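K.L.:
Below is the file upload-v5.pdb, with PDB, N, CA and C atoms.
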ATOM      1  N   MET A   1       0.849   4.634 -13.042
ATOM      2  CA  MET A   1      -0.002   5.062 -11.955
ATOM      3  C   MET A   1      -0.518   3.841 -11.211
ATOM      4  N   ILE A   2      -0.408   3.853  -9.916
ATOM      5  CA  ILE A   2      -0.887   2.748  -9.097
ATOM      6  C   ILE A   2      -2.253   3.111  -8.531
ATOM      7  N   VAL A   3      -3.228   2.285  -8.833
ATOM      8  CA  VAL A   3      -4.573   2.505  -8.318
ATOM      9  C   VAL A   3      -4.740   1.634  -7.089
ATOM     10  N   LYS A   4      -5.033   2.244  -5.978
ATOM     11  CA  LYS A   4      -5.229   1.490  -4.748
ATOM     12  C   LYS A   4      -6.721   1.245  -4.559
ATOM     13  N   SER A   5      -7.059   0.011  -4.316
ATOM     14  CA  SER A   5      -8.451  -0.313  -4.059
ATOM     15  C   SER A   5      -8.512  -1.565  -3.192
ATOM     16  N   ILE A   6      -9.665  -1.782  -2.651
ATOM     17  CA  ILE A   6      -9.869  -2.962  -1.819
ATOM     18  C   ILE A   6      -9.705  -4.236  -2.652
ATOM     19  N   ALA A   7     -10.018  -4.153  -3.938
ATOM     20  CA  ALA A   7      -9.881  -5.328  -4.811
ATOM     21  C   ALA A   7      -8.430  -5.787  -4.893
ATOM     22  N   ASN A   8      -7.499  -4.844  -4.886
ATOM     23  CA  ASN A   8      -6.086  -5.221  -4.931
ATOM     24  C   ASN A   8      -5.688  -5.992  -3.682
ATOM     25  N   GLY A   9      -6.138  -5.541  -2.536
ATOM     26  CA  GLY A   9      -5.819  -6.235  -1.288
ATOM     27  C   GLY A   9      -6.452  -7.618  -1.216
ATOM     28  N   ILE A  10      -7.693  -7.701  -1.641
ATOM     29  CA  ILE A  10      -8.382  -8.991  -1.637
ATOM     30  C   ILE A  10      -7.694  -9.946  -2.610
ATOM     31  N   GLY A  11      -7.357  -9.454  -3.782
ATOM     32  CA  GLY A  11      -6.679 -10.285  -4.783
ATOM     33  C   GLY A  11      -5.337 -10.786  -4.296
ATOM     34  N   ALA A  12      -4.582  -9.896  -3.665
ATOM     35  CA  ALA A  12      -3.283 -10.297  -3.121
ATOM     36  C   ALA A  12      -3.469 -11.360  -2.044
ATOM     37  N   GLY A  13      -4.512 -11.231  -1.249
ATOM     38  CA  GLY A  13      -4.797 -12.228  -0.217
ATOM     39  C   GLY A  13      -5.134 -13.589  -0.803
ATOM     40  N   PHE A  14      -5.952 -13.611  -1.834
ATOM     41  CA  PHE A  14      -6.309 -14.869  -2.489
ATOM     42  C   PHE A  14      -5.061 -15.544  -3.056
ATOM     43  N   ILE A  15      -4.254 -14.774  -3.764
ATOM     44  CA  ILE A  15      -3.047 -15.327  -4.378
ATOM     45  C   ILE A  15      -2.081 -15.827  -3.316
ATOM     46  N   THR A  16      -1.889 -15.041  -2.267
ATOM     47  CA  THR A  16      -0.971 -15.431  -1.198
ATOM     48  C   THR A  16      -1.431 -16.694  -0.500
ATOM     49  N   PHE A  17      -2.723 -16.778  -0.207
ATOM     50  CA  PHE A  17      -3.267 -17.968   0.455
ATOM     51  C   PHE A  17      -2.987 -19.223  -0.366
ATOM     52  N   VAL A  18      -3.280 -19.153  -1.656
ATOM     53  CA  VAL A  18      -3.082 -20.314  -2.530
ATOM     54  C   VAL A  18      -1.599 -20.665  -2.629
ATOM     55  N   LEU A  19      -0.749 -19.668  -2.763
ATOM     56  CA  LEU A  19       0.690 -19.933  -2.869
ATOM     57  C   LEU A  19       1.254 -20.547  -1.588
ATOM     58  N   ILE A  20       0.806 -20.065  -0.441
ATOM     59  CA  ILE A  20       1.287 -20.631   0.832
ATOM     60  C   ILE A  20       0.863 -22.090   0.958
ATOM     61  N   LYS A  21      -0.373 -22.387   0.627
ATOM     62  CA  LYS A  21      -0.839 -23.781   0.672
ATOM     63  C   LYS A  21      -0.033 -24.651  -0.291
ATOM     64  N   LEU A  22       0.260 -24.104  -1.466
ATOM     65  CA  LEU A  22       1.026 -24.845  -2.465
ATOM     66  C   LEU A  22       2.435 -25.134  -1.970
ATOM     67  N   VAL A  23       3.096 -24.135  -1.409
ATOM     68  CA  VAL A  23       4.473 -24.289  -0.922
ATOM     69  C   VAL A  23       4.538 -25.256   0.255
ATOM     70  N   LYS A  24       3.512 -25.240   1.095
ATOM     71  CA  LYS A  24       3.486 -26.131   2.258
ATOM     72  C   LYS A  24       3.096 -27.563   1.889
ATOM     73  N   GLY A  25       2.779 -27.797   0.625
ATOM     74  CA  GLY A  25       2.401 -29.141   0.199
ATOM     75  C   GLY A  25       0.966 -29.493   0.528
ATOM     76  N   LYS A  26       0.133 -28.497   0.728
ATOM     77  CA  LYS A  26      -1.265 -28.727   1.086
ATOM     78  C   LYS A  26      -2.205 -28.202  -0.001
ATOM     79  N   ALA A  27      -1.782 -28.315  -1.232
ATOM     80  CA  ALA A  27      -2.569 -27.791  -2.343
ATOM     81  C   ALA A  27      -3.937 -28.458  -2.448
ATOM     82  N   ARG A  28      -4.036 -29.698  -2.004
ATOM     83  CA  ARG A  28      -5.323 -30.405  -2.075
ATOM     84  C   ARG A  28      -6.367 -29.822  -1.131
ATOM     85  N   GLU A  29      -5.926 -29.058  -0.139
ATOM     86  CA  GLU A  29      -6.856 -28.439   0.807
ATOM     87  C   GLU A  29      -7.525 -27.186   0.233
ATOM     88  N   VAL A  30      -7.022 -26.709  -0.886
ATOM     89  CA  VAL A  30      -7.564 -25.494  -1.493
ATOM     90  C   VAL A  30      -8.734 -25.872  -2.400
ATOM     91  N   HIS A  31      -9.863 -25.225  -2.170
ATOM     92  CA  HIS A  31     -11.064 -25.481  -2.971
ATOM     93  C   HIS A  31     -10.799 -25.083  -4.429
ATOM     94  N   PRO A  32     -11.330 -25.846  -5.380
ATOM     95  CA  PRO A  32     -11.104 -25.527  -6.798
ATOM     96  C   PRO A  32     -11.522 -24.103  -7.179
ATOM     97  N   LEU A  33     -12.582 -23.601  -6.572
ATOM     98  CA  LEU A  33     -13.020 -22.239  -6.866
ATOM     99  C   LEU A  33     -11.968 -21.218  -6.419
ATOM    100  N   MET A  34     -11.273 -21.534  -5.348
ATOM    101  CA  MET A  34     -10.210 -20.653  -4.863
ATOM    102  C   MET A  34      -9.070 -20.586  -5.875
ATOM    103  N   TRP A  35      -8.748 -21.717  -6.501
ATOM    104  CA  TRP A  35      -7.719 -21.744  -7.543
ATOM    105  C   TRP A  35      -8.141 -20.856  -8.716
ATOM    106  N   VAL A  36      -9.394 -20.945  -9.104
ATOM    107  CA  VAL A  36      -9.907 -20.156 -10.231
ATOM    108  C   VAL A  36      -9.840 -18.669  -9.909
ATOM    109  N   VAL A  37     -10.304 -18.290  -8.720
ATOM    110  CA  VAL A  37     -10.300 -16.880  -8.335
ATOM    111  C   VAL A  37      -8.867 -16.346  -8.259
ATOM    112  N   ALA A  38      -7.962 -17.121  -7.688
ATOM    113  CA  ALA A  38      -6.566 -16.693  -7.600
ATOM    114  C   ALA A  38      -5.976 -16.523  -9.006
ATOM    115  N   ALA A  39      -6.269 -17.428  -9.901
ATOM    116  CA  ALA A  39      -5.762 -17.331 -11.276
ATOM    117  C   ALA A  39      -6.326 -16.097 -11.974
ATOM    118  N   LEU A  40      -7.596 -15.803 -11.746
ATOM    119  CA  LEU A  40      -8.192 -14.609 -12.351
ATOM    120  C   LEU A  40      -7.561 -13.333 -11.802
ATOM    121  N   PHE A  41      -7.230 -13.325 -10.523
ATOM    122  CA  PHE A  41      -6.555 -12.163  -9.961
ATOM    123  C   PHE A  41      -5.138 -12.022 -10.528
ATOM    124  N   VAL A  42      -4.462 -13.121 -10.788
ATOM    125  CA  VAL A  42      -3.139 -13.039 -11.420
ATOM    126  C   VAL A  42      -3.277 -12.382 -12.799
ATOM    127  N   VAL A  43      -4.292 -12.765 -13.546
ATOM    128  CA  VAL A  43      -4.541 -12.154 -14.857
ATOM    129  C   VAL A  43      -4.863 -10.674 -14.681
ATOM    130  N   TYR A  44      -5.695 -10.355 -13.699
ATOM    131  CA  TYR A  44      -6.074  -8.969 -13.410
ATOM    132  C   TYR A  44      -4.842  -8.108 -13.138
ATOM    133  N   PHE A  45      -3.927  -8.625 -12.312
ATOM    134  CA  PHE A  45      -2.717  -7.870 -11.984
ATOM    135  C   PHE A  45      -1.739  -7.816 -13.156
ATOM    136  N   ALA A  46      -1.754  -8.807 -14.018
ATOM    137  CA  ALA A  46      -0.813  -8.861 -15.128
ATOM    138  C   ALA A  46      -1.249  -7.996 -16.316
ATOM    139  N   LEU A  47      -2.514  -7.668 -16.411
ATOM    140  CA  LEU A  47      -3.001  -6.916 -17.568
ATOM    141  C   LEU A  47      -2.356  -5.540 -17.701
ATOM    142  N   GLY A  48      -2.186  -4.838 -16.591
ATOM    143  CA  GLY A  48      -1.578  -3.507 -16.637
ATOM    144  C   GLY A  48      -0.166  -3.527 -17.213
ATOM    145  N   PRO A  49       0.735  -4.333 -16.673
ATOM    146  CA  PRO A  49       2.094  -4.393 -17.232
ATOM    147  C   PRO A  49       2.135  -4.898 -18.680
ATOM    148  N   ILE A  50       1.263  -5.822 -19.033
ATOM    149  CA  ILE A  50       1.248  -6.341 -20.401
ATOM    150  C   ILE A  50       0.820  -5.236 -21.360
ATOM    151  N   LYS A  51      -0.228  -4.481 -20.996
ATOM    152  CA  LYS A  51      -0.670  -3.375 -21.832
ATOM    153  C   LYS A  51       0.422  -2.322 -21.976
ATOM    154  N   ALA A  52       1.141  -2.045 -20.880
ATOM    155  CA  ALA A  52       2.216  -1.058 -20.928
ATOM    156  C   ALA A  52       3.344  -1.517 -21.855
ATOM    157  N   LEU A  53       3.672  -2.805 -21.815
ATOM    158  CA  LEU A  53       4.725  -3.326 -22.692
ATOM    159  C   LEU A  53       4.339  -3.252 -24.162
ATOM    160  N   LEU A  54       3.065  -3.445 -24.412
ATOM    161  CA  LEU A  54       2.583  -3.419 -25.801
ATOM    162  C   LEU A  54       2.229  -2.007 -26.277
ATOM    163  N   GLY A  55       2.299  -1.042 -25.369
ATOM    164  CA  GLY A  55       1.985   0.341 -25.725
ATOM    165  C   GLY A  55       0.506   0.600 -25.884
ATOM    166  N   LEU A  56      -0.314  -0.198 -25.232
ATOM    167  CA  LEU A  56      -1.778  -0.054 -25.350
ATOM    168  C   LEU A  56      -2.362   0.779 -24.204
ATOM    169  N   GLY A  57      -1.570   1.034 -23.175
ATOM    170  CA  GLY A  57      -2.094   1.672 -21.984
ATOM    171  C   GLY A  57      -2.106   3.145 -22.071
TER     172      GLY A  57
END
Would you encode the structure as structure tokens?
P.N.:
Amino acid sequence: MIVKSIANGIGAGFITFVLIKLVKGKAREVHPLMWVVAALFVVYFALGPIKALLGLG
């Protein structure tokens, strides 16, 4: 089941912003807090599939 929420859109935006800066070679322009938030959103998005693989969901 896919849950749609504003948090998903915001999280995707954070991750995309950081990845684009990284690919363009401008990773130093990204604030450290932005890296942390993007990493937390990656964990947030990964929890569902990990739980499903382990049969916990």
K.L.:
Need the shell around Phe41 in chain A: protein/DNA/RNA residues with any atom at most 8 Å away, counting all atoms listed in the file. Skip same-chain ones fewer than 3 positions apart. Format as an NGL selection string?
P.N.:
:A and (10-12 or 14-15 or 35-38 or 44-47)
K.L.:
For atom C of Lys4 in chain A and CA of Ile20 in chain A, quote the distance in Å rounded to one decimal.
P.N.:
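It comes out at 23.9 Å.
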K.L.:
With all atoms listed in the file as the counted atoms, please give the residues lying no more than 8 Å from Val30 in chain A, apart from itself and same-chain residues fewer than 4 positions off, as a ChimeraX atom specification.
P.N.:
/A:17-18,21-22,26,34-35
K.L.:
Pick out each residue of chain A that DSSP on the backbone tags as helix (DSSP H, G or I); I need them as a ChimeraX atom specification.
P.N.:
/A:6-23,27-29,32-54
K.L.:
Could you work out how far atom C of Ser5 in chain A lies from atom N of Leu19 in chain A, giving the answer in Å with one decimal?
P.N.:
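Those two atoms sit 19.7 Å apart.
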K.L.:
Draw an axis-aligned box over all listed atoms of range 12-15 of chain A, pad each side with 6 Å, and write its centre and edge lengths in Å, one decimal, as AutoDock Vina command-line options.
P.N.:
--center_x -4.2 --center_y -12.9 --center_z -2.3 --size_x 16.2 --size_y 17.9 --size_z 16.2
K.L.:
Enter the distance from CA of Pro32 in chain A to CA of Ala7 in chain A, in Å, rounded to one decimal.
P.N.:
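One can read the CA of Pro32 in chain A to CA of Ala7 in chain A distance as 20.3 Å.
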